[in-house]
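What's in final25.cif: mmCIF, C-alpha atoms
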data_input
loop_
_atom_site.label_atom_id
_atom_site.label_comp_id
_atom_site.auth_asym_id
_atom_site.auth_seq_id
_atom_site.Cartn_x
_atom_site.Cartn_y
_atom_site.Cartn_z
CA MET A 1 79.27 64.45 -63.40
CA LYS A 2 81.61 67.28 -62.84
CA THR A 3 81.12 69.01 -59.47
CA GLN A 4 80.32 72.67 -59.79
CA SER A 5 82.75 75.16 -58.38
CA PHE A 6 81.55 77.74 -55.88
CA GLU A 7 81.61 80.49 -58.48
CA GLU A 8 79.68 78.33 -60.94
CA LYS A 9 77.07 77.70 -58.26
CA ILE A 10 76.71 81.43 -57.63
CA SER A 11 76.24 82.08 -61.36
CA LYS A 12 73.70 79.28 -61.54
CA ILE A 13 71.76 80.79 -58.64
CA GLU A 14 71.78 84.18 -60.34
CA GLU A 15 70.54 82.59 -63.55
CA LEU A 16 67.76 80.73 -61.74
CA VAL A 17 66.65 83.82 -59.82
CA GLU A 18 66.49 85.81 -63.04
CA LEU A 19 64.38 83.11 -64.74
CA LEU A 20 61.98 83.09 -61.78
CA GLU A 21 61.73 86.90 -61.84
CA ASP A 22 60.83 86.84 -65.56
CA GLY A 23 57.70 84.91 -64.64
CA GLU A 24 57.51 83.19 -68.04
CA LEU A 25 57.87 79.71 -66.59
CA SER A 26 55.20 77.14 -65.89
CA ILE A 27 54.41 76.58 -62.26
CA GLU A 28 56.05 73.19 -62.47
CA GLU A 29 59.25 74.65 -63.90
CA MET A 30 59.14 77.47 -61.35
CA LEU A 31 58.89 75.05 -58.45
CA GLN A 32 61.65 72.90 -59.88
CA LYS A 33 63.96 75.91 -60.45
CA TYR A 34 63.04 77.37 -57.08
CA GLU A 35 63.95 74.13 -55.33
CA GLN A 36 67.20 73.93 -57.28
CA ALA A 37 68.08 77.51 -56.35
CA VAL A 38 67.25 76.97 -52.65
CA ASN A 39 69.52 73.94 -52.55
CA LEU A 40 72.34 75.80 -54.30
CA ILE A 41 72.04 78.72 -51.89
CA LYS A 42 72.19 76.29 -48.96
CA GLU A 43 75.29 74.59 -50.36
CA SER A 44 76.96 77.92 -51.07
CA ARG A 45 76.25 79.23 -47.57
CA GLU A 46 77.76 76.10 -46.07
CA TYR A 47 80.78 76.50 -48.28
CA ILE A 48 81.34 80.16 -47.47
CA ASN A 49 80.82 79.56 -43.73
CA LYS A 50 83.40 76.78 -43.87
CA ALA A 51 85.83 79.07 -45.71
CA GLU A 52 85.38 81.75 -43.09
CA LYS A 53 86.04 79.24 -40.31
CA VAL A 54 89.19 77.98 -42.07
CA LEU A 55 90.42 81.55 -42.38
CA ILE A 56 89.77 82.28 -38.70
CA ASN A 57 91.57 79.06 -37.74
CA ILE A 58 94.59 79.99 -39.82
CA ASN A 59 94.81 83.47 -38.32
CA ASP A 60 94.40 82.13 -34.79
CA ASN A 61 97.21 79.63 -35.35
CA ILE A 62 99.54 82.30 -36.71
CA ASN A 63 98.87 84.69 -33.85
CA LYS A 64 99.38 82.03 -31.16
CA MET B 1 221.80 86.25 32.23
CA LEU B 2 220.09 88.57 29.73
CA THR B 3 216.44 89.23 29.01
CA ILE B 4 215.05 89.01 25.46
CA SER B 5 214.82 92.78 25.38
CA GLU B 6 218.41 93.19 26.55
CA ILE B 7 219.88 90.79 23.97
CA THR B 8 217.66 92.27 21.23
CA LYS B 9 218.87 95.73 22.19
CA GLN B 10 222.53 94.59 22.00
CA ILE B 11 221.92 92.90 18.59
CA LYS B 12 220.17 96.01 17.38
CA ASN B 13 223.06 98.25 18.41
CA THR B 14 225.67 95.93 16.89
CA LEU B 15 223.84 95.39 13.60
CA GLU B 16 222.67 98.94 13.09
CA SER B 17 226.10 100.44 13.76
CA SER B 18 227.89 97.83 11.66
CA PHE B 19 225.54 98.07 8.62
CA ASP B 20 224.62 101.75 8.73
CA ASN B 21 225.12 102.58 5.10
CA ILE B 22 225.36 99.58 2.84
CA GLU B 23 224.63 98.73 -0.76
CA LEU B 24 222.85 95.48 -1.63
CA VAL B 25 222.10 93.82 -4.93
CA GLY B 26 219.18 91.41 -5.21
CA GLU B 27 215.99 90.42 -7.01
CA ILE B 28 212.69 91.89 -5.88
CA SER B 29 210.03 89.45 -4.72
CA ASN B 30 206.66 89.76 -2.90
CA PHE B 31 206.53 93.44 -3.73
CA THR B 32 203.54 95.24 -2.20
CA ARG B 33 202.73 98.88 -2.06
CA HIS B 34 200.76 99.68 1.08
CA GLN B 35 197.91 102.20 1.02
CA SER B 36 200.16 104.63 2.87
CA GLY B 37 202.57 104.48 -0.07
CA HIS B 38 205.25 102.58 1.84
CA ARG B 39 206.75 99.69 -0.11
CA TYR B 40 207.37 96.28 1.42
CA PHE B 41 209.29 93.58 -0.42
CA VAL B 42 211.94 90.92 -0.23
CA LEU B 43 215.38 91.10 -1.78
CA LYS B 44 216.84 87.76 -2.65
CA ASP B 45 219.41 85.79 -4.52
CA ASN B 46 219.66 82.03 -5.07
CA SER B 47 220.19 81.06 -1.44
CA ALA B 48 219.12 83.89 0.85
CA GLN B 49 216.62 86.65 1.31
CA ILE B 50 216.17 89.78 3.38
CA SER B 51 213.03 91.81 4.11
CA ALA B 52 213.09 95.34 2.78
CA ILE B 53 211.14 98.55 3.34
CA MET B 54 211.21 101.69 1.25
CA TRP B 55 209.20 104.54 2.75
CA GLN B 56 206.75 106.54 0.72
CA SER B 57 209.06 109.59 0.91
CA VAL B 58 211.76 107.83 -1.13
CA ARG B 59 211.44 108.83 -4.80
CA ILE B 60 212.47 106.46 -7.59
CA ASN B 61 211.94 106.89 -11.33
CA PHE B 62 210.56 103.42 -12.13
CA GLU B 63 207.95 101.01 -10.84
CA PRO B 64 209.61 98.11 -9.01
CA ARG B 65 208.26 94.68 -10.03
CA ASN B 66 208.72 91.18 -8.82
CA GLY B 67 211.70 89.53 -10.48
CA MET B 68 213.54 92.78 -11.05
CA LYS B 69 217.20 92.95 -10.12
CA VAL B 70 217.93 96.15 -8.16
CA VAL B 71 220.68 97.81 -6.19
CA VAL B 72 219.49 99.47 -2.98
CA ARG B 73 221.29 101.68 -0.50
CA GLY B 74 220.18 101.80 3.13
CA SER B 75 220.65 100.70 6.73
CA ILE B 76 219.93 97.47 8.53
CA ASP B 77 217.19 97.90 11.09
CA VAL B 78 216.14 95.49 13.83
CA TYR B 79 212.43 95.37 14.55
CA ALA B 80 212.34 94.26 18.17
CA PRO B 81 208.62 93.27 18.50
CA GLN B 82 209.07 90.56 15.84
CA GLY B 83 212.75 89.78 16.36
CA LYS B 84 213.28 90.54 12.73
CA TYR B 85 215.95 92.37 10.83
CA GLN B 86 215.36 94.29 7.62
CA ILE B 87 216.89 96.87 5.38
CA ILE B 88 215.41 100.36 5.22
CA CYS B 89 216.11 101.49 1.65
CA ARG B 90 216.98 105.14 1.05
CA SER B 91 217.46 104.65 -2.68
CA MET B 92 216.88 102.02 -5.38
CA VAL B 93 218.41 101.63 -8.83
CA ALA B 94 217.35 99.11 -11.42
CA GLN B 95 220.21 96.76 -12.18
CA GLY B 96 219.16 94.66 -15.10
CA GLU B 97 216.44 92.06 -14.66
CA GLY B 98 216.18 88.91 -12.58
CA ASP B 99 216.45 85.44 -14.07
CA LEU B 100 212.74 84.60 -13.66
CA TYR B 101 211.81 87.98 -15.00
CA LEU B 102 214.04 87.41 -18.02
CA ALA B 103 212.49 83.99 -18.63
CA TYR B 104 209.03 85.56 -18.33
CA GLU B 105 209.91 88.29 -20.82
CA ALA B 106 211.48 85.82 -23.26
CA LEU B 107 208.39 83.57 -23.26
CA LYS B 108 206.15 86.57 -23.60
CA VAL B 109 208.01 87.71 -26.72
CA LYS B 110 208.02 84.18 -28.18
CA LEU B 111 204.28 83.61 -27.66
CA SER B 112 203.45 87.09 -28.84
CA GLU B 113 205.30 86.39 -32.08
CA LYS B 114 203.34 83.15 -32.44
CA GLY B 115 200.16 85.19 -32.24
CA TYR B 116 199.02 83.76 -28.91
CA PHE B 117 197.93 87.16 -27.60
CA GLU B 118 196.04 88.34 -30.68
CA ALA B 119 192.68 89.84 -29.75
CA GLU B 120 191.03 88.41 -32.92
CA ARG B 121 191.58 84.79 -31.89
CA LYS B 122 190.07 85.25 -28.47
CA LYS B 123 186.63 83.76 -27.90
CA ARG B 124 183.77 85.88 -26.64
CA LEU B 125 181.96 84.91 -23.48
CA LYS B 126 178.23 84.41 -23.99
CA GLN B 127 175.95 86.90 -22.25
CA LEU B 128 174.56 84.42 -19.77
CA PRO B 129 177.05 81.64 -19.03
CA LEU B 130 175.40 78.96 -16.92
CA LYS B 131 178.10 76.29 -16.69
CA ILE B 132 181.44 77.38 -15.24
CA GLY B 133 184.54 75.25 -14.72
CA ILE B 134 186.94 76.27 -11.95
CA SER B 135 190.53 75.17 -11.57
CA THR B 136 192.13 76.33 -8.34
CA SER B 137 193.44 75.08 -5.04
CA PRO B 138 190.82 73.32 -2.90
CA THR B 139 192.24 74.99 0.21
CA GLY B 140 192.77 78.58 -0.88
CA ALA B 141 190.56 81.61 -0.30
CA ALA B 142 190.23 81.97 -4.11
CA LEU B 143 187.84 78.98 -4.36
CA HIS B 144 185.68 80.26 -1.53
CA ASP B 145 185.59 83.78 -3.00
CA MET B 146 184.60 82.56 -6.46
CA ILE B 147 181.88 80.14 -5.30
CA GLN B 148 180.42 82.73 -2.96
CA THR B 149 180.46 85.47 -5.58
CA ILE B 150 178.89 83.29 -8.27
CA ASN B 151 176.17 81.95 -5.95
CA ARG B 152 175.37 85.39 -4.64
CA ARG B 153 175.02 86.89 -8.12
CA ASN B 154 173.46 84.07 -10.13
CA LYS B 155 172.15 80.95 -8.43
CA LEU B 156 171.42 79.43 -11.84
CA VAL B 157 175.12 78.92 -12.61
CA GLN B 158 176.41 75.35 -12.31
CA ILE B 159 180.00 75.09 -11.05
CA TYR B 160 182.39 72.30 -12.09
CA PHE B 161 185.34 72.42 -9.70
CA ARG B 162 188.62 70.62 -10.46
CA PRO B 163 190.94 70.78 -7.43
CA THR B 164 194.33 71.81 -8.78
CA LEU B 165 197.90 72.19 -7.58
CA VAL B 166 198.61 75.88 -8.09
CA GLN B 167 202.27 76.10 -7.02
CA GLY B 168 205.29 73.94 -6.46
CA ASP B 169 206.51 70.77 -8.16
CA GLY B 170 204.13 69.32 -10.76
CA SER B 171 201.74 72.25 -10.52
CA ALA B 172 202.13 73.29 -14.20
CA ASP B 173 201.33 69.73 -15.31
CA ASP B 174 198.31 69.62 -13.01
CA ILE B 175 197.01 72.93 -14.35
CA VAL B 176 197.33 71.50 -17.88
CA ARG B 177 195.38 68.36 -16.90
CA ALA B 178 192.73 70.44 -15.10
CA ILE B 179 192.11 72.54 -18.22
CA GLU B 180 191.93 69.41 -20.40
CA GLU B 181 189.56 67.64 -18.03
CA LEU B 182 187.27 70.64 -17.61
CA ASN B 183 187.14 70.92 -21.41
CA GLN B 184 185.19 67.65 -21.47
CA PHE B 185 182.25 69.12 -19.59
CA ASP B 186 181.23 71.56 -22.30
CA CYS B 187 181.40 74.53 -19.92
CA ASP B 188 180.66 78.08 -21.04
CA ALA B 189 183.97 79.18 -19.48
CA ILE B 190 186.81 77.84 -17.33
CA ILE B 191 188.35 80.04 -14.65
CA ILE B 192 191.97 79.19 -13.84
CA GLY B 193 192.94 81.08 -10.77
CA ARG B 194 194.67 81.44 -7.49
CA GLY B 195 195.39 84.06 -4.88
CA GLY B 196 198.39 86.35 -4.79
CA GLY B 197 201.96 85.25 -4.16
CA SER B 198 205.57 85.77 -5.14
CA ILE B 199 206.73 85.45 -8.73
CA GLU B 200 207.91 81.96 -7.80
CA ASP B 201 204.50 81.07 -6.40
CA LEU B 202 202.75 82.19 -9.57
CA TRP B 203 205.38 80.66 -11.83
CA SER B 204 203.37 77.74 -13.18
CA TYR B 205 201.10 80.25 -14.87
CA ASN B 206 204.15 81.58 -16.71
CA THR B 207 205.10 78.24 -18.25
CA GLU B 208 204.89 77.39 -21.92
CA ILE B 209 202.89 74.16 -21.43
CA VAL B 210 200.15 76.03 -19.56
CA ALA B 211 200.19 78.74 -22.25
CA ASN B 212 199.86 76.08 -24.99
CA THR B 213 197.00 74.35 -23.20
CA ILE B 214 195.13 77.64 -22.80
CA PHE B 215 195.78 78.42 -26.45
CA ASN B 216 194.37 75.05 -27.56
CA SER B 217 191.39 75.02 -25.20
CA LYS B 218 188.02 74.68 -26.95
CA THR B 219 186.38 76.26 -23.93
CA ILE B 220 186.81 79.93 -23.10
CA ILE B 221 189.57 80.44 -20.48
CA ILE B 222 189.49 83.21 -17.90
CA SER B 223 192.85 83.75 -16.19
CA ALA B 224 192.59 85.11 -12.65
CA VAL B 225 195.99 84.75 -11.09
CA GLY B 226 197.15 86.76 -8.08
CA HIS B 227 196.39 90.40 -7.44
CA GLU B 228 195.61 93.38 -9.59
CA THR B 229 199.34 94.12 -10.15
CA ASP B 230 200.37 90.58 -11.02
CA PHE B 231 200.54 89.77 -14.72
CA THR B 232 201.22 86.22 -15.83
CA ILE B 233 201.63 84.69 -19.29
CA SER B 234 198.30 82.91 -18.78
CA ASP B 235 196.66 86.34 -18.47
CA PHE B 236 197.85 87.25 -21.95
CA VAL B 237 196.96 83.96 -23.65
CA ALA B 238 193.59 83.50 -21.98
CA ASP B 239 190.42 84.79 -23.65
CA TYR B 240 189.83 87.00 -20.63
CA ARG B 241 192.02 88.28 -17.83
CA ALA B 242 190.47 89.03 -14.47
CA SER B 243 192.50 90.95 -11.90
CA THR B 244 191.45 88.62 -9.08
CA PRO B 245 189.46 85.36 -8.72
CA THR B 246 186.52 87.39 -7.36
CA ALA B 247 186.65 89.63 -10.45
CA ALA B 248 186.55 86.49 -12.62
CA ALA B 249 183.45 85.30 -10.77
CA GLU B 250 181.84 88.70 -11.37
CA LEU B 251 182.77 88.57 -15.04
CA VAL B 252 180.89 85.31 -15.62
CA THR B 253 177.89 86.62 -13.71
CA SER B 254 177.59 89.99 -15.44
CA ILE B 255 173.91 89.12 -15.69
CA THR B 256 172.65 88.24 -12.23
CA HIS B 257 169.57 86.22 -11.37
CA ASN B 258 167.98 89.48 -10.23
CA ASP B 259 168.58 90.89 -13.72
CA ILE B 260 166.84 87.83 -15.15
CA LEU B 261 163.89 88.15 -12.78
CA GLU B 262 163.60 91.87 -13.50
CA ALA B 263 163.74 91.29 -17.23
CA HIS B 264 161.12 88.58 -16.87
CA GLU B 265 158.96 90.95 -14.85
CA ARG B 266 159.40 93.68 -17.45
CA ILE B 267 158.47 91.35 -20.28
CA LEU B 268 155.36 90.26 -18.40
CA ILE B 269 154.36 93.87 -17.81
CA ASP B 270 155.03 94.72 -21.46
CA LEU B 271 152.92 91.77 -22.55
CA LYS B 272 150.12 92.76 -20.20
CA ASN B 273 150.16 96.32 -21.48
CA LEU B 274 150.21 95.11 -25.06
CA MET B 275 147.22 92.86 -24.47
CA LYS B 276 145.43 95.63 -22.62
CA ARG B 277 145.96 98.06 -25.50
CA LYS B 278 144.76 95.45 -27.99
CA PHE B 279 141.65 94.76 -25.96
CA GLU B 280 140.95 98.46 -25.55
CA LYS B 281 141.31 98.92 -29.29
CA TYR B 282 138.92 96.07 -30.02
CA ASN B 283 136.54 97.28 -27.33
CA ASP B 284 136.45 100.74 -28.91
CA PHE B 285 135.92 99.18 -32.30
CA LEU B 286 133.17 96.91 -31.02
CA GLY B 287 131.55 99.63 -28.92
CA VAL B 288 131.33 102.06 -31.83
CA ASN B 289 131.03 99.82 -34.81
CA LEU B 290 129.00 96.96 -33.47
CA ASP B 291 126.19 99.40 -32.81
CA THR B 292 126.37 101.63 -35.88
CA LYS B 293 127.67 99.14 -38.42
CA ILE B 294 125.96 95.93 -37.43
CA ILE B 295 123.19 96.16 -34.86
CA ARG B 296 121.40 99.23 -36.18
CA PRO B 297 121.26 98.15 -39.83
CA ILE B 298 120.02 94.72 -38.84
CA SER B 299 117.32 96.07 -36.55
CA ASN B 300 116.32 98.58 -39.24
CA LEU B 301 116.02 95.78 -41.74
CA ILE B 302 114.02 93.72 -39.29
CA SER B 303 111.60 96.51 -38.43
CA THR B 304 111.13 97.40 -42.12
CA ASN B 305 110.30 93.83 -42.95
CA LYS B 306 108.08 93.56 -39.91
CA GLN B 307 106.08 96.53 -41.12
CA LYS B 308 105.88 95.02 -44.56
CA ILE B 309 104.64 91.73 -43.16
CA ASP B 310 102.09 93.50 -40.92
CA TYR B 311 100.87 95.42 -43.92
CA MET B 312 100.61 92.32 -46.10
CA ASP B 313 98.91 90.50 -43.26
CA SER B 314 96.28 93.17 -42.90
CA ILE B 315 95.80 93.38 -46.66
CA LEU B 316 95.46 89.63 -46.87
CA LYS B 317 92.92 89.51 -44.04
CA LEU B 318 91.02 92.38 -45.48
CA LYS B 319 90.94 90.95 -48.98
CA THR B 320 89.99 87.48 -47.86
CA SER B 321 87.32 88.59 -45.43
CA ASN B 322 86.01 91.14 -47.93
CA LYS B 323 85.66 88.45 -50.51
CA ILE B 324 83.84 86.21 -48.08
CA LYS B 325 81.71 89.12 -46.95
CA SER B 326 80.81 90.00 -50.51
CA TYR B 327 79.78 86.42 -51.23
CA VAL B 328 77.70 86.32 -48.06
CA GLU B 329 76.00 89.55 -49.12
CA LYS B 330 75.47 88.24 -52.60
CA LEU B 331 73.95 85.04 -51.27
CA ASP B 332 71.68 87.04 -48.93
CA PHE B 333 70.61 89.18 -51.84
CA LEU B 334 69.95 86.17 -54.11
CA ASP B 335 68.10 84.48 -51.27
CA LYS B 336 65.85 87.50 -50.86
CA ARG B 337 65.12 87.69 -54.56
CA LEU B 338 64.46 83.97 -54.67
CA ASN B 339 62.09 84.17 -51.72
CA SER B 340 60.09 86.94 -53.29
CA ASN B 341 59.63 84.71 -56.32
CA ASN B 342 58.66 81.67 -54.34
CA PRO B 343 55.89 80.13 -56.51
CA LEU B 344 54.05 78.95 -53.39
CA LEU B 345 53.98 82.44 -51.87
CA PRO B 346 50.33 83.17 -52.97
CA LEU B 347 49.15 80.22 -50.85
CA ASN B 348 49.93 82.34 -47.76
CA LYS B 349 47.29 84.79 -48.93
CA GLY B 350 44.62 82.11 -49.24
CA TYR B 351 45.07 81.27 -52.96
CA ALA B 352 45.05 77.59 -54.06
CA LEU B 353 46.68 75.55 -56.75
CA LEU B 354 44.94 72.92 -58.82
CA SER B 355 46.77 69.81 -59.84
CA SER B 356 46.04 66.43 -61.25
CA ASN B 357 48.35 63.46 -60.95
CA ASN B 358 51.25 65.67 -59.91
CA HIS B 359 50.60 68.05 -62.84
CA TYR B 360 49.76 71.67 -62.09
CA ILE B 361 46.81 72.77 -64.13
CA THR B 362 47.48 76.01 -66.02
CA ASN B 363 45.02 78.65 -67.24
CA ASN B 364 45.21 77.30 -70.78
CA GLU B 365 43.63 74.05 -69.80
CA SER B 366 39.98 73.22 -69.09
CA LEU B 367 38.90 71.40 -65.99
CA GLN B 368 36.53 69.48 -68.31
CA ASP B 369 39.41 67.42 -69.49
CA TYR B 370 40.14 66.02 -66.01
CA GLU B 371 38.27 63.25 -64.19
CA SER B 372 39.67 64.34 -60.86
CA ILE B 373 41.67 67.21 -59.53
CA GLU B 374 43.47 68.18 -56.29
CA ILE B 375 43.01 71.50 -54.64
CA ILE B 376 46.22 72.47 -52.86
CA ARG B 377 46.01 75.13 -50.13
CA LYS B 378 48.59 76.22 -47.64
CA ASN B 379 47.65 73.68 -45.00
CA GLU B 380 45.45 71.11 -46.77
CA THR B 381 45.01 69.26 -50.03
CA ILE B 382 41.62 67.94 -51.19
CA LYS B 383 40.90 65.55 -54.04
CA ILE B 384 37.67 66.11 -56.00
CA ASN B 385 36.05 63.66 -58.42
CA LEU B 386 34.65 65.64 -61.34
CA LYS B 387 32.98 62.76 -63.34
CA GLU B 388 30.45 61.89 -60.72
CA ASN B 389 29.11 65.45 -60.64
CA LYS B 390 28.41 65.56 -64.36
#

Would it be possible to restate this file's structure as structure tokens?
Amino acid sequence: MKTQSFEEKISKIEELVELLEDGELSIEEMLQKYEQAVNLIKESREYINKAEKVLININDNINK
Amino acid sequence: MLTISEITKQIKNTLESSFDNIELVGEISNFTRHQSGHRYFVLKDNSAQISAIMWQSVRINFEPRNGMKVVVRGSIDVYAPQGKYQIICRSMVAQGEGDLYLAYEALKVKLSEKGYFEAERKKRLKQLPLKIGISTSPTGAALHDMIQTINRRNKLVQIYFRPTLVQGDGSADDIVRAIEELNQFDCDAIIIGRGGGSIEDLWSYNTEIVANTIFNSKTIIISAVGHETDFTISDFVADYRASTPTAAAELVTSITHNDILEAHERILIDLKNLMKRKFEKYNDFLGVNLDTKIIRPISNLISTNKQKIDYMDSILKLKTSNKIKSYVEKLDFLDKRLNSNNPLLPLNKGYALLSSNNHYITNNESLQDYESIEIIRKNETIKINLKENK
């Protein structure tokens, strides 16, 4: 399976949140989508935190 | 018995009264004119000679020279302090020329016709001769004068001395051999010289063999025979004639070692000044141009690029961190929206979910259809059997 890019993950989260807000889903589907969205948000936060750290490292190295 | 003074007085009286006004014919030799103008010479013929004096007050219409035949009128005088007799001349008339003088003149004409005296064939002395041959008597003052003069004026000159017979039997032959031998040393010049003397003493320098040898010499010949007033054939044939041996020594040292040192000093100073001017020129150039033409443009370029880099750096940081920030905000926002749609949120308010075998029971279904259900609350889950209650 192809790994999702960061941007694709963000779009997926947006899509999931919108589906949940519509309220048309069954409770089972809601829970499943909710869980999926929570996991994607967690992954994305980790990714963006890592990116920020990399950036800080690079700047620190340059300014040394 | 007589004293020396008494006999000299008697001789004086006898001679001076007997030869009071006489006329003599003879050839002049050893002629010298004293500073006072008095003239001292010898009158001679083939077998005898007599000293002669002609005072400065006596006027004659020619210049007496050695070898000249003259007729003089005068009185015999005895000079007691030296026991010497002499003739005091009151007049002098030229009476044809002497034999040696005639021979001298004849050779002079002959060699002149052969072109021996031509100025064009004479070699030029180099400016700074450093190797000088000398032919003269080893015992005369001439050698001493020349060596001293040369050494005093230019210590760099090397002297090749060939001791030479300068008068008497065999002297002409020896002068010839001396010139030939000195020619083998590749000297810059050869001085043939001697001090003053009578025409007989100087005669070797008036011979044809010496003249021929000088003429054929590869090396430059400087003739320095006798005094200022003495002219010999060698003087005419030689490339240079010096009036005395000392003058010859001065001629070959026209540039002295002091001249060389001074010139050297001057050249050094000139060089120093030249280098100084060059350096000053380059310094000016570097001082002015290094700053305006090189350093300033480079530092301008550097600072411009530095600003550019700083700007790009800040833009880059801003863009990157803005992007990250915007994603963080977006994630926060999505998180909030997600949380507000958490399907389990109602459980916090005391609501419960009903499920059966991991299936959530919706409002469209009837509990009648299930044998057992689970009631899910926030903190507990209870299973209820519906069949038994029916």

- Message: With 10 Å as the limit and counting only C-alpha atoms, what residues in chain B lie close to chain A? Please list them as a PyMOL selection string.
- Response: chain B and resi 313+317+320-321+323-325+327-328+330-344+353+358-362

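Atom to atom, atom CA of A:Val54 and atom CA of B:Asn305 stand 26.4 Å apart.
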
- Could you work out how far atom CA of B:Leu347 lies from atom CA of B:Lys378, giving the answer in Å with one decimal?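 It comes out at 5.2 Å.
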
- Task: Find the distance between atom CA of B:Ile260 and atom CA of B:Ile150 and write it in Å to one decimal.
- Result: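 Between these atoms lies a distance of 14.6 Å.
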
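The point (220.2, 100.8, -1.9) has these residues within 8 Å of it, counting only C-alpha atoms: Ile22, Glu23, Leu24, Val25, Val71, Val72, Arg73, Gly74, Cys89, Arg90, Ser91, Met92 and Val93 of chain B.
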
- Give the answer as one residue: which of B:Thr304, B:Thr207, B:Ser314, B:Leu354 has the shortest atom-to-atom distance to B:Ser366, using only C-alpha atoms?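 When distances to B:Ser366 are compared using only C-alpha atoms, the smallest one comes from B:Leu354.
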
- Run through the PyMOL selection byres ((chain B and resi 213) around 9) on the given coordinates and return the selected residues as a VMD selection string. chain B and resid 175 to 177 179 to 180 208 to 212 214 to 217

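Minimum distance to A:Lys9 across A:Gln36, A:Ile62, A:Lys50, A:Glu24 (counting only C-alpha atoms) occurs at A:Gln36.
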
- What does the PyMOL selection byres ((chain B and resi 377) around 8) select in this file, as number ranges by chain? B: 347, 350-353, 375-376, 378-381

Supply stretch 26-37 of chain A as a PDB file, in the coordinates of the input, with N, CA, C and O atoms built in where the input has gaps.
ATOM      1  N   SER A  26      56.380  77.849 -66.417  1.00  0.00           N
ATOM      2  CA  SER A  26      55.200  77.140 -65.890  1.00  0.00           C
ATOM      3  C   SER A  26      55.391  76.967 -64.395  1.00  0.00           C
ATOM      4  O   SER A  26      56.508  77.074 -63.894  1.00  0.00           O
ATOM      5  N   ILE A  27      54.337  76.744 -63.702  1.00  0.00           N
ATOM      6  CA  ILE A  27      54.410  76.580 -62.260  1.00  0.00           C
ATOM      7  C   ILE A  27      55.294  75.405 -61.893  1.00  0.00           C
ATOM      8  O   ILE A  27      56.082  75.436 -60.948  1.00  0.00           O
ATOM      9  N   GLU A  28      55.214  74.364 -62.724  1.00  0.00           N
ATOM     10  CA  GLU A  28      56.050  73.190 -62.470  1.00  0.00           C
ATOM     11  C   GLU A  28      57.538  73.540 -62.574  1.00  0.00           C
ATOM     12  O   GLU A  28      58.348  73.192 -61.736  1.00  0.00           O
ATOM     13  N   GLU A  29      57.838  74.249 -63.699  1.00  0.00           N
ATOM     14  CA  GLU A  29      59.250  74.650 -63.900  1.00  0.00           C
ATOM     15  C   GLU A  29      59.706  75.593 -62.788  1.00  0.00           C
ATOM     16  O   GLU A  29      60.821  75.481 -62.270  1.00  0.00           O
ATOM     17  N   MET A  30      58.786  76.529 -62.416  1.00  0.00           N
ATOM     18  CA  MET A  30      59.140  77.470 -61.350  1.00  0.00           C
ATOM     19  C   MET A  30      59.504  76.754 -60.057  1.00  0.00           C
ATOM     20  O   MET A  30      60.523  77.019 -59.431  1.00  0.00           O
ATOM     21  N   LEU A  31      58.634  75.779 -59.696  1.00  0.00           N
ATOM     22  CA  LEU A  31      58.890  75.050 -58.450  1.00  0.00           C
ATOM     23  C   LEU A  31      60.199  74.285 -58.513  1.00  0.00           C
ATOM     24  O   LEU A  31      60.982  74.263 -57.559  1.00  0.00           O
ATOM     25  N   GLN A  32      60.409  73.700 -59.712  1.00  0.00           N
ATOM     26  CA  GLN A  32      61.650  72.900 -59.880  1.00  0.00           C
ATOM     27  C   GLN A  32      62.884  73.791 -59.771  1.00  0.00           C
ATOM     28  O   GLN A  32      63.837  73.507 -59.065  1.00  0.00           O
ATOM     29  N   LYS A  33      62.810  74.987 -60.466  1.00  0.00           N
ATOM     30  CA  LYS A  33      63.960  75.910 -60.450  1.00  0.00           C
ATOM     31  C   LYS A  33      64.157  76.502 -59.060  1.00  0.00           C
ATOM     32  O   LYS A  33      65.275  76.686 -58.587  1.00  0.00           O
ATOM     33  N   TYR A  34      62.976  76.802 -58.429  1.00  0.00           N
ATOM     34  CA  TYR A  34      63.040  77.370 -57.080  1.00  0.00           C
ATOM     35  C   TYR A  34      63.763  76.410 -56.132  1.00  0.00           C
ATOM     36  O   TYR A  34      64.677  76.774 -55.404  1.00  0.00           O
ATOM     37  N   GLU A  35      63.360  75.129 -56.210  1.00  0.00           N
ATOM     38  CA  GLU A  35      63.950  74.130 -55.330  1.00  0.00           C
ATOM     39  C   GLU A  35      65.461  74.010 -55.590  1.00  0.00           C
ATOM     40  O   GLU A  35      66.284  73.969 -54.674  1.00  0.00           O
ATOM     41  N   GLN A  36      65.785  74.045 -56.893  1.00  0.00           N
ATOM     42  CA  GLN A  36      67.200  73.930 -57.280  1.00  0.00           C
ATOM     43  C   GLN A  36      67.999  75.110 -56.705  1.00  0.00           C
ATOM     44  O   GLN A  36      69.080  74.927 -56.115  1.00  0.00           O
ATOM     45  N   ALA A  37      67.392  76.312 -56.839  1.00  0.00           N
ATOM     46  CA  ALA A  37      68.080  77.510 -56.350  1.00  0.00           C
ATOM     47  C   ALA A  37      68.244  77.479 -54.825  1.00  0.00           C
ATOM     48  O   ALA A  37      69.309  77.815 -54.294  1.00  0.00           O
TER      49      ALA A  37
END
